[in-house]
Amino acid sequence: MGAQGIPEEGWRVKRKLIAAIGVAGMLFSVAACGGDDGDGGKKAGVDGYAGQTLTVWVMDGSSPDQWQKDLTAEFEKKTKAKVKFEVQQWNGIQQKLTTALSEENPPDVFEIGNTQTPAYAKTGGLADLADLKSEIGGEWTESLNESSVFEGKQYAAPWYFANRVVLYNKKVWADAGLKDTPKTRDEFYAALKTIGAKTDAEPIYLPGQNWYHFVGLVVGEGGELVKKDGDKYVSNLDDPKVAKAAETYKKFQALSKAPKDKDEATPQQGEVFAKGNVGAFIGMGWEAGIAIEANPAIEKEIGYFTIPGATADKPEGVFLGGSNLAVAAGSQKQELAKEFLKLALSDKYEGQLAKLNGVIPNKESLQGNLKGNAPAEAAAPAAAVGGTTPLIPEWAAVENDPNPVKTYLTAVLNGKSPAAAAKQVEGEFNKRLAQQQ
């Protein structure tokens with residue numbers, strides 16, 4: 001998923017919700033894959049790749065019809081080959097993709113969640129794209145490209161991304177006498193305190209287990225959730241940088257009435273915000289759609305701003321959820337697949353995707369395509385300083401319920417020191433990291 005910051009599956013569902021209720025420009029997603037027969041491994045001759053068909057898997061909701069139509073026309077004109085997009089559903093995709101990559105005719109090109117990429121790279125399912133990176137990836141945003149690299153090799157290409165922002169109630173802020181949005185973490189905290197002092201509203205709705213926001217805080221501190229111990233990975237929750245992130249989380253959560261042992265989906269924080277008596281919450285842009293569905297009148301009151309960091313010149317660290325594009329190691333059309341990626345990831349089509357879907361493109365120079373899309377404009381500045389959960393195959397088991405990172409957060413919020421909370425979950429955390437992949 002990506003990673004996930006809410007898993008891609010959630011992004012897909014909520015994107016459709018937003019589209020259905022007509023909230024323009026707030027589409028966020030993450031997605032997909034491709035394969036066919038033929039000999040695309042050979043360089044094109046005079047007739048290009050005539051007679052060949054490239055299969056491309058994309059996830060439901062990730063590539064707009066217009067984007068597919070325009071890209072297909074240019075690709076087929078350039079290569080003389082055909083392209084077949086096959087839309088996949090998130091439910092069950094990992095098993096489906098794993099099976100497909102082991103077969104004789106895998107999809108040639110496919111979308112893959114950014115945090116899922118290392119696992120597929122480790123098993124040998126992805127082609128090395130070092131030459132593609134050299135040719136077209138010189139300006140890819142480093143933080144967005146990290147998930148495409150495994151053990152020093154480029155196994156995918158960054159496609160599109162999204163991260164959390166602050167969604168706030170303009171009326172509540174005005175009632176508190178607040179005229180500007182904060183630019184630093186201290187200003188943000190002070191604004192929330194003012195809301196608490198001057199209005200009857202809950203300053204911020206921040207459930208105790210909004211752990212993807214916590215991951216962002218850890219990234220902002222330069223911390224890591226795991227560390228290497230010999231030849232294995234173990235918990236790094238006892239690191240002072242992680243502890244500092246936890247203390248920041250605790251400081252802001254103390255201004256909230258949200259439960260300390262629930263996440264942002266229990267209940268949906270957008271539904272809580274919809275009632276109109278919450279100053280702000282930290283979430284994905286599409287969560288505004290949940291609020292609007294529950295209370296259409298609140299749409300005019302919703303504003304967005306980048307989560308402020310310790311200093312005004314650098315936003316808060318954020319979890320980057322998104323999708324990469326990869327080529328199957330078993331594809332017989334790898335050269336043709338790379339021709340497709342050169343077009344799909346070009347400024348023209350990367351920019352078009354950003355504009356149509358409101359997602360963050362793989363180059364900072366293309367962020368102008370987000371102009372007019374308020375949640376995307378608020379999210380974009382933090383992309384360059386964002387990060388993900390640990391990009392190791394062993395990480396996947398950690399996220400299974402009950403997630404020990406969530407348990408850690410609740411323990412800290414209930415009064416344990418970060419060190420004691422880290423000790424409490426260390427055994428379970430390490431047990432999961434040691435599971436065979």
# chains A, B, ... in the order shown; residues from 1 in each chain; ligands from 1
call {"tool": "select_by_dssp", "arguments": {"residues": "region 103-311 of chain A", "states": "strand (DSSP E)", "output": "short mmCIF file (atom, residue, chain, number, x, y, z; two decimals) with all heavy atoms, in the first residue's frame"}}
result
data_model
loop_
_atom_site.label_atom_id
_atom_site.label_comp_id
_atom_site.auth_asym_id
_atom_site.auth_seq_id
_atom_site.Cartn_x
_atom_site.Cartn_y
_atom_site.Cartn_z
N VAL A 109 3.01 -4.75 -17.24
CA VAL A 109 3.18 -3.58 -16.38
C VAL A 109 2.06 -3.63 -15.35
O VAL A 109 0.93 -4.01 -15.67
CB VAL A 109 3.08 -2.27 -17.19
CG1 VAL A 109 3.17 -1.05 -16.28
CG2 VAL A 109 4.17 -2.22 -18.26
N PHE A 110 2.36 -3.25 -14.11
CA PHE A 110 1.30 -3.26 -13.11
C PHE A 110 1.54 -2.22 -12.04
O PHE A 110 2.67 -1.82 -11.76
CB PHE A 110 1.14 -4.64 -12.47
CG PHE A 110 2.41 -5.23 -11.92
CD1 PHE A 110 2.76 -5.09 -10.60
CD2 PHE A 110 3.26 -5.95 -12.76
CE1 PHE A 110 3.93 -5.64 -10.10
CE2 PHE A 110 4.44 -6.51 -12.27
CZ PHE A 110 4.77 -6.35 -10.94
N GLU A 111 0.43 -1.78 -11.49
CA GLU A 111 0.46 -0.84 -10.37
C GLU A 111 0.60 -1.65 -9.09
O GLU A 111 0.01 -2.72 -8.94
CB GLU A 111 -0.84 -0.04 -10.35
CG GLU A 111 -0.92 0.97 -9.22
CD GLU A 111 -2.26 1.67 -9.18
OE1 GLU A 111 -3.08 1.45 -10.08
OE2 GLU A 111 -2.47 2.43 -8.23
N ILE A 112 1.38 -1.12 -8.16
CA ILE A 112 1.63 -1.82 -6.91
C ILE A 112 1.74 -0.80 -5.79
O ILE A 112 2.34 0.27 -5.95
CB ILE A 112 2.93 -2.67 -7.04
CG1 ILE A 112 3.18 -3.52 -5.80
CG2 ILE A 112 4.13 -1.80 -7.34
CD1 ILE A 112 4.34 -4.49 -6.00
N GLY A 113 1.14 -1.09 -4.65
CA GLY A 113 1.21 -0.19 -3.52
C GLY A 113 2.66 0.07 -3.13
O GLY A 113 3.50 -0.84 -3.18
N VAL A 149 12.93 1.36 -4.55
CA VAL A 149 14.30 0.84 -4.46
C VAL A 149 14.37 -0.22 -3.38
O VAL A 149 13.90 -0.02 -2.26
CB VAL A 149 15.30 1.98 -4.15
CG1 VAL A 149 16.71 1.44 -4.01
CG2 VAL A 149 15.24 3.05 -5.24
N PHE A 150 14.96 -1.37 -3.71
CA PHE A 150 15.13 -2.44 -2.73
C PHE A 150 16.55 -2.98 -2.83
O PHE A 150 17.02 -3.33 -3.92
CB PHE A 150 14.12 -3.58 -2.99
CG PHE A 150 14.24 -4.72 -2.02
CD1 PHE A 150 13.89 -4.55 -0.69
CD2 PHE A 150 14.71 -5.97 -2.43
CE1 PHE A 150 13.99 -5.60 0.21
CE2 PHE A 150 14.83 -7.02 -1.53
CZ PHE A 150 14.46 -6.83 -0.20
N LYS A 153 18.67 -1.46 -5.60
CA LYS A 153 18.28 -1.59 -7.00
C LYS A 153 16.89 -1.02 -7.25
O LYS A 153 16.01 -1.10 -6.39
CB LYS A 153 18.31 -3.06 -7.43
CG LYS A 153 19.71 -3.65 -7.45
CD LYS A 153 19.70 -5.08 -8.00
CE LYS A 153 21.11 -5.66 -8.06
NZ LYS A 153 21.11 -7.05 -8.60
N GLN A 154 16.71 -0.43 -8.42
CA GLN A 154 15.45 0.20 -8.81
C GLN A 154 14.50 -0.85 -9.39
O GLN A 154 14.65 -1.29 -10.52
CB GLN A 154 15.73 1.30 -9.85
CG GLN A 154 14.54 2.18 -10.17
CD GLN A 154 14.34 3.29 -9.16
OE1 GLN A 154 15.30 3.80 -8.57
NE2 GLN A 154 13.10 3.69 -8.95
N ALA A 157 8.86 2.26 -10.40
CA ALA A 157 8.94 3.69 -10.62
C ALA A 157 7.82 4.37 -9.85
O ALA A 157 6.69 3.88 -9.84
CB ALA A 157 8.81 3.99 -12.12
N PRO A 158 8.09 5.49 -9.19
CA PRO A 158 7.05 6.17 -8.43
C PRO A 158 5.98 6.74 -9.36
O PRO A 158 6.30 7.35 -10.37
CB PRO A 158 7.83 7.29 -7.70
CG PRO A 158 9.02 7.55 -8.58
CD PRO A 158 9.39 6.22 -9.16
N TRP A 159 4.71 6.54 -9.00
CA TRP A 159 3.62 6.98 -9.88
C TRP A 159 2.82 8.13 -9.28
O TRP A 159 2.86 9.24 -9.76
CB TRP A 159 2.73 5.79 -10.22
CG TRP A 159 1.76 6.06 -11.33
CD1 TRP A 159 1.84 7.04 -12.27
CD2 TRP A 159 0.55 5.33 -11.61
NE1 TRP A 159 0.76 6.95 -13.14
CE2 TRP A 159 -0.03 5.92 -12.76
CE3 TRP A 159 -0.07 4.24 -11.03
CZ2 TRP A 159 -1.23 5.46 -13.31
CZ3 TRP A 159 -1.25 3.77 -11.57
CH2 TRP A 159 -1.82 4.38 -12.71
N TYR A 160 2.09 7.89 -8.17
CA TYR A 160 1.33 8.98 -7.55
C TYR A 160 1.13 8.70 -6.06
O TYR A 160 1.21 7.56 -5.62
CB TYR A 160 -0.02 9.17 -8.25
CG TYR A 160 -0.97 8.01 -8.09
CD1 TYR A 160 -1.84 7.94 -7.01
CD2 TYR A 160 -0.99 6.99 -9.03
CE1 TYR A 160 -2.71 6.87 -6.86
CE2 TYR A 160 -1.85 5.92 -8.89
CZ TYR A 160 -2.71 5.86 -7.81
OH TYR A 160 -3.56 4.79 -7.67
N PHE A 161 0.83 9.77 -5.32
CA PHE A 161 0.86 9.68 -3.86
C PHE A 161 -0.16 10.61 -3.21
O PHE A 161 -0.71 11.49 -3.86
CB PHE A 161 2.28 10.02 -3.35
CG PHE A 161 3.31 9.13 -3.98
CD1 PHE A 161 3.85 9.44 -5.22
CD2 PHE A 161 3.69 7.95 -3.37
CE1 PHE A 161 4.75 8.58 -5.85
CE2 PHE A 161 4.59 7.09 -3.98
CZ PHE A 161 5.12 7.41 -5.22
N ALA A 162 -0.36 10.42 -1.93
CA ALA A 162 -1.23 11.28 -1.14
C ALA A 162 -0.80 11.20 0.32
O ALA A 162 -0.16 10.22 0.73
CB ALA A 162 -2.69 10.86 -1.27
N VAL A 165 -3.46 15.90 5.77
CA VAL A 165 -3.47 17.35 5.94
C VAL A 165 -4.31 17.66 7.18
O VAL A 165 -4.90 16.77 7.79
CB VAL A 165 -4.07 18.07 4.71
CG1 VAL A 165 -3.23 17.78 3.47
CG2 VAL A 165 -5.52 17.65 4.48
N VAL A 166 -4.37 18.94 7.53
CA VAL A 166 -5.30 19.37 8.57
C VAL A 166 -6.58 19.84 7.89
O VAL A 166 -6.53 20.70 7.00
CB VAL A 166 -4.72 20.52 9.42
CG1 VAL A 166 -5.75 20.95 10.48
CG2 VAL A 166 -3.42 20.10 10.09
N LEU A 167 -7.70 19.24 8.25
CA LEU A 167 -9.00 19.71 7.80
C LEU A 167 -9.60 20.49 8.96
O LEU A 167 -9.65 20.00 10.09
CB LEU A 167 -9.92 18.54 7.42
CG LEU A 167 -9.48 17.70 6.22
CD1 LEU A 167 -8.56 16.55 6.67
CD2 LEU A 167 -10.68 17.11 5.49
N TYR A 168 -10.02 21.73 8.71
CA TYR A 168 -10.51 22.54 9.82
C TYR A 168 -11.85 23.18 9.49
O TYR A 168 -12.24 23.32 8.33
CB TYR A 168 -9.48 23.60 10.22
CG TYR A 168 -9.32 24.76 9.25
CD1 TYR A 168 -9.86 26.02 9.55
CD2 TYR A 168 -8.60 24.63 8.07
CE1 TYR A 168 -9.70 27.09 8.68
CE2 TYR A 168 -8.43 25.70 7.20
CZ TYR A 168 -8.98 26.92 7.51
OH TYR A 168 -8.82 27.99 6.64
N ASN A 169 -12.57 23.55 10.54
CA ASN A 169 -13.88 24.18 10.43
C ASN A 169 -13.68 25.70 10.48
O ASN A 169 -13.35 26.26 11.52
CB ASN A 169 -14.79 23.71 11.57
CG ASN A 169 -16.21 24.20 11.42
OD1 ASN A 169 -16.45 25.37 11.13
ND2 ASN A 169 -17.16 23.31 11.66
N VAL A 226 12.04 0.48 13.15
CA VAL A 226 12.79 -0.76 13.32
C VAL A 226 14.28 -0.49 13.18
O VAL A 226 14.69 0.56 12.66
CB VAL A 226 12.37 -1.85 12.29
CG1 VAL A 226 10.89 -2.17 12.41
CG2 VAL A 226 12.72 -1.42 10.87
N LYS A 227 15.08 -1.42 13.65
CA LYS A 227 16.53 -1.33 13.48
C LYS A 227 17.07 -2.72 13.22
O LYS A 227 16.40 -3.73 13.48
CB LYS A 227 17.17 -0.72 14.73
CG LYS A 227 16.98 -1.55 16.00
CD LYS A 227 17.53 -0.83 17.22
CE LYS A 227 17.24 -1.61 18.50
NZ LYS A 227 17.69 -0.89 19.71
N LYS A 228 18.28 -2.79 12.72
CA LYS A 228 18.90 -4.08 12.42
C LYS A 228 19.66 -4.57 13.65
O LYS A 228 20.40 -3.82 14.29
CB LYS A 228 19.87 -3.89 11.25
CG LYS A 228 20.13 -5.15 10.42
CD LYS A 228 18.92 -5.49 9.56
CE LYS A 228 19.16 -6.76 8.74
NZ LYS A 228 20.06 -6.54 7.61
N ASP A 229 19.44 -5.81 14.00
CA ASP A 229 20.16 -6.47 15.09
C ASP A 229 20.77 -7.73 14.50
O ASP A 229 20.10 -8.76 14.38
CB ASP A 229 19.21 -6.80 16.24
CG ASP A 229 19.93 -7.47 17.41
OD1 ASP A 229 21.18 -7.38 17.46
OD2 ASP A 229 19.25 -8.09 18.24
N LYS A 232 18.78 -9.65 11.60
CA LYS A 232 17.32 -9.53 11.66
C LYS A 232 16.92 -8.13 12.10
O LYS A 232 17.71 -7.36 12.65
CB LYS A 232 16.74 -10.57 12.62
CG LYS A 232 17.16 -10.39 14.08
CD LYS A 232 16.54 -11.49 14.94
CE LYS A 232 16.81 -11.29 16.42
NZ LYS A 232 18.22 -11.44 16.77
N TYR A 233 15.65 -7.81 11.83
CA TYR A 233 15.09 -6.52 12.25
C TYR A 233 14.36 -6.68 13.57
O TYR A 233 13.70 -7.69 13.81
CB TYR A 233 14.11 -5.99 11.19
CG TYR A 233 14.79 -5.49 9.94
CD1 TYR A 233 14.89 -6.30 8.81
CD2 TYR A 233 15.34 -4.22 9.89
CE1 TYR A 233 15.51 -5.85 7.66
CE2 TYR A 233 15.97 -3.74 8.75
CZ TYR A 233 16.06 -4.57 7.63
OH TYR A 233 16.69 -4.11 6.50
N VAL A 234 14.48 -5.64 14.41
CA VAL A 234 13.80 -5.65 15.71
C VAL A 234 13.19 -4.27 15.96
O VAL A 234 13.47 -3.31 15.24
CB VAL A 234 14.78 -6.00 16.86
CG1 VAL A 234 15.33 -7.40 16.69
CG2 VAL A 234 15.91 -4.97 16.94
N SER A 235 12.37 -4.19 16.98
CA SER A 235 11.71 -2.92 17.33
C SER A 235 12.72 -1.83 17.65
O SER A 235 13.74 -2.07 18.30
CB SER A 235 10.80 -3.14 18.53
OG SER A 235 10.32 -1.90 19.04
N ALA A 280 -10.74 20.92 14.24
CA ALA A 280 -9.88 20.38 13.20
C ALA A 280 -9.69 18.88 13.41
O ALA A 280 -9.95 18.35 14.51
CB ALA A 280 -8.51 21.08 13.22
N PHE A 281 -9.24 18.22 12.37
CA PHE A 281 -8.75 16.85 12.51
C PHE A 281 -7.69 16.61 11.46
O PHE A 281 -7.57 17.38 10.50
CB PHE A 281 -9.89 15.81 12.43
CG PHE A 281 -10.48 15.57 11.07
CD1 PHE A 281 -10.07 14.49 10.28
CD2 PHE A 281 -11.50 16.39 10.59
CE1 PHE A 281 -10.65 14.24 9.04
CE2 PHE A 281 -12.09 16.14 9.35
CZ PHE A 281 -11.66 15.07 8.57
N ILE A 282 -6.89 15.58 11.66
CA ILE A 282 -5.81 15.26 10.74
C ILE A 282 -6.21 14.04 9.93
O ILE A 282 -6.47 12.97 10.50
CB ILE A 282 -4.50 15.02 11.51
CG1 ILE A 282 -4.03 16.33 12.15
CG2 ILE A 282 -3.41 14.47 10.58
CD1 ILE A 282 -2.90 16.18 13.14
N GLY A 283 -6.31 14.22 8.62
CA GLY A 283 -6.78 13.11 7.81
C GLY A 283 -6.46 13.28 6.34
O GLY A 283 -5.79 14.24 5.93
N ILE A 302 -15.44 23.82 5.39
CA ILE A 302 -14.21 23.02 5.45
C ILE A 302 -13.05 23.71 4.75
O ILE A 302 -13.15 24.13 3.60
CB ILE A 302 -14.43 21.63 4.80
CG1 ILE A 302 -15.56 20.89 5.50
CG2 ILE A 302 -13.14 20.81 4.89
CD1 ILE A 302 -15.89 19.54 4.88
N GLY A 303 -11.95 23.84 5.49
CA GLY A 303 -10.70 24.36 4.93
C GLY A 303 -9.59 23.35 5.14
O GLY A 303 -9.76 22.36 5.88
N TYR A 304 -8.46 23.59 4.50
CA TYR A 304 -7.34 22.65 4.56
C TYR A 304 -6.03 23.42 4.72
O TYR A 304 -5.86 24.49 4.14
CB TYR A 304 -7.24 21.82 3.27
CG TYR A 304 -8.53 21.20 2.81
CD1 TYR A 304 -9.46 21.93 2.07
CD2 TYR A 304 -8.82 19.87 3.11
CE1 TYR A 304 -10.65 21.38 1.64
CE2 TYR A 304 -10.02 19.30 2.68
CZ TYR A 304 -10.92 20.05 1.95
OH TYR A 304 -12.10 19.49 1.53
N PHE A 305 -5.10 22.86 5.49
CA PHE A 305 -3.75 23.40 5.47
C PHE A 305 -2.74 22.28 5.75
O PHE A 305 -3.08 21.24 6.31
CB PHE A 305 -3.56 24.58 6.43
CG PHE A 305 -3.84 24.34 7.89
CD1 PHE A 305 -2.86 23.85 8.74
CD2 PHE A 305 -5.09 24.67 8.42
CE1 PHE A 305 -3.10 23.67 10.10
CE2 PHE A 305 -5.35 24.49 9.78
CZ PHE A 305 -4.35 23.99 10.62
#
call {"tool": "residues_around", "arguments": {"residues": "Lys78 (chain A)", "least_positions_apart": "3", "cutoff": "10 Å", "atoms": "only C-alpha atoms", "output": "PyMOL selection string"}}
result
chain A and resi 48-49+72-75+81+339-340+343
call {"tool": "atom_distance", "arguments": {"atom1": "CA of Glu221 (chain A)", "atom2": "CA of Val385 (chain A)"}}
result
10.6 Å
call {"tool": "select_by_dssp", "arguments": {"residues": "region 176-330 of chain A", "states": "helix (DSSP H, G or I)", "output": "PyMOL selection string"}}
result
chain A and resi 185-198+211-220+240-253+269-274+287-294+296-301
call {"tool": "atom_distance", "arguments": {"atom1": "CA of Gln253 (chain A)", "atom2": "CA of Gly427 (chain A)"}}
result
26.4 Å
call {"tool": "closest_residue", "arguments": {"among": "A:Pro390, A:Gly208, A:Gly276, A:Gly51", "to": "Thr407 (chain A)", "atoms": "only C-alpha atoms"}}
result
A:Gly208
call {"tool": "closest_residue", "arguments": {"among": "A:Glu142, A:Asp65, A:Glu103, A:Glu287", "to": "Ala328 (chain A)", "atoms": "only C-alpha atoms"}}
result
A:Glu103
call {"tool": "atom_distance", "arguments": {"atom1": "CA of Asp128 (chain A)", "atom2": "CA of Lys82 (chain A)"}}
result
23.4 Å
call {"tool": "residues_around", "arguments": {"residues": "Phe252 (chain A)", "least_positions_apart": "4", "cutoff": "9 Å", "atoms": "only C-alpha atoms", "output": "compact mmCIF listing (two decimals) with all heavy atoms, in the first residue's frame"}}
result
# COMPACT_ATOMS: atom_id res chain seq x y z
N TYR A 189 -0.65 24.44 17.89
CA TYR A 189 -1.08 24.10 19.25
C TYR A 189 -1.74 25.30 19.92
O TYR A 189 -2.80 25.16 20.56
CB TYR A 189 0.12 23.63 20.07
CG TYR A 189 -0.23 23.16 21.46
CD1 TYR A 189 -0.82 21.91 21.68
CD2 TYR A 189 0.02 23.97 22.58
CE1 TYR A 189 -1.16 21.48 22.95
CE2 TYR A 189 -0.30 23.54 23.85
CZ TYR A 189 -0.90 22.31 24.04
OH TYR A 189 -1.23 21.88 25.30
N LEU A 192 -5.25 25.81 18.63
CA LEU A 192 -6.19 24.84 19.19
C LEU A 192 -6.54 25.17 20.64
O LEU A 192 -7.70 25.03 21.05
CB LEU A 192 -5.59 23.43 19.09
CG LEU A 192 -5.34 22.90 17.67
CD1 LEU A 192 -4.67 21.53 17.73
CD2 LEU A 192 -6.64 22.82 16.87
N ILE A 204 -9.53 19.75 18.65
CA ILE A 204 -9.09 18.82 17.61
C ILE A 204 -9.65 17.44 17.94
O ILE A 204 -9.73 17.06 19.11
CB ILE A 204 -7.55 18.77 17.49
CG1 ILE A 204 -7.11 17.88 16.31
CG2 ILE A 204 -6.91 18.33 18.80
CD1 ILE A 204 -5.61 17.95 16.02
N LEU A 206 -8.61 13.88 17.68
CA LEU A 206 -7.42 13.07 17.40
C LEU A 206 -7.51 11.78 18.21
O LEU A 206 -7.14 11.74 19.38
CB LEU A 206 -6.14 13.84 17.76
CG LEU A 206 -4.82 13.12 17.49
CD1 LEU A 206 -4.67 12.76 16.02
CD2 LEU A 206 -3.63 13.98 17.96
N GLU A 247 5.61 11.96 22.29
CA GLU A 247 5.29 13.07 23.19
C GLU A 247 4.54 14.18 22.45
O GLU A 247 3.62 14.79 23.00
CB GLU A 247 6.57 13.62 23.83
CG GLU A 247 7.27 12.65 24.78
CD GLU A 247 6.53 12.43 26.09
OE1 GLU A 247 5.40 12.96 26.25
OE2 GLU A 247 7.05 11.71 26.95
N THR A 248 4.92 14.43 21.20
CA THR A 248 4.19 15.42 20.39
C THR A 248 2.76 14.96 20.18
O THR A 248 1.81 15.73 20.31
CB THR A 248 4.89 15.62 19.04
OG1 THR A 248 6.19 16.17 19.25
CG2 THR A 248 4.09 16.56 18.14
N SER A 256 -8.06 16.66 22.77
CA SER A 256 -9.16 15.97 22.12
C SER A 256 -9.96 15.12 23.10
O SER A 256 -9.42 14.62 24.09
CB SER A 256 -8.61 15.06 21.01
OG SER A 256 -9.64 14.29 20.41
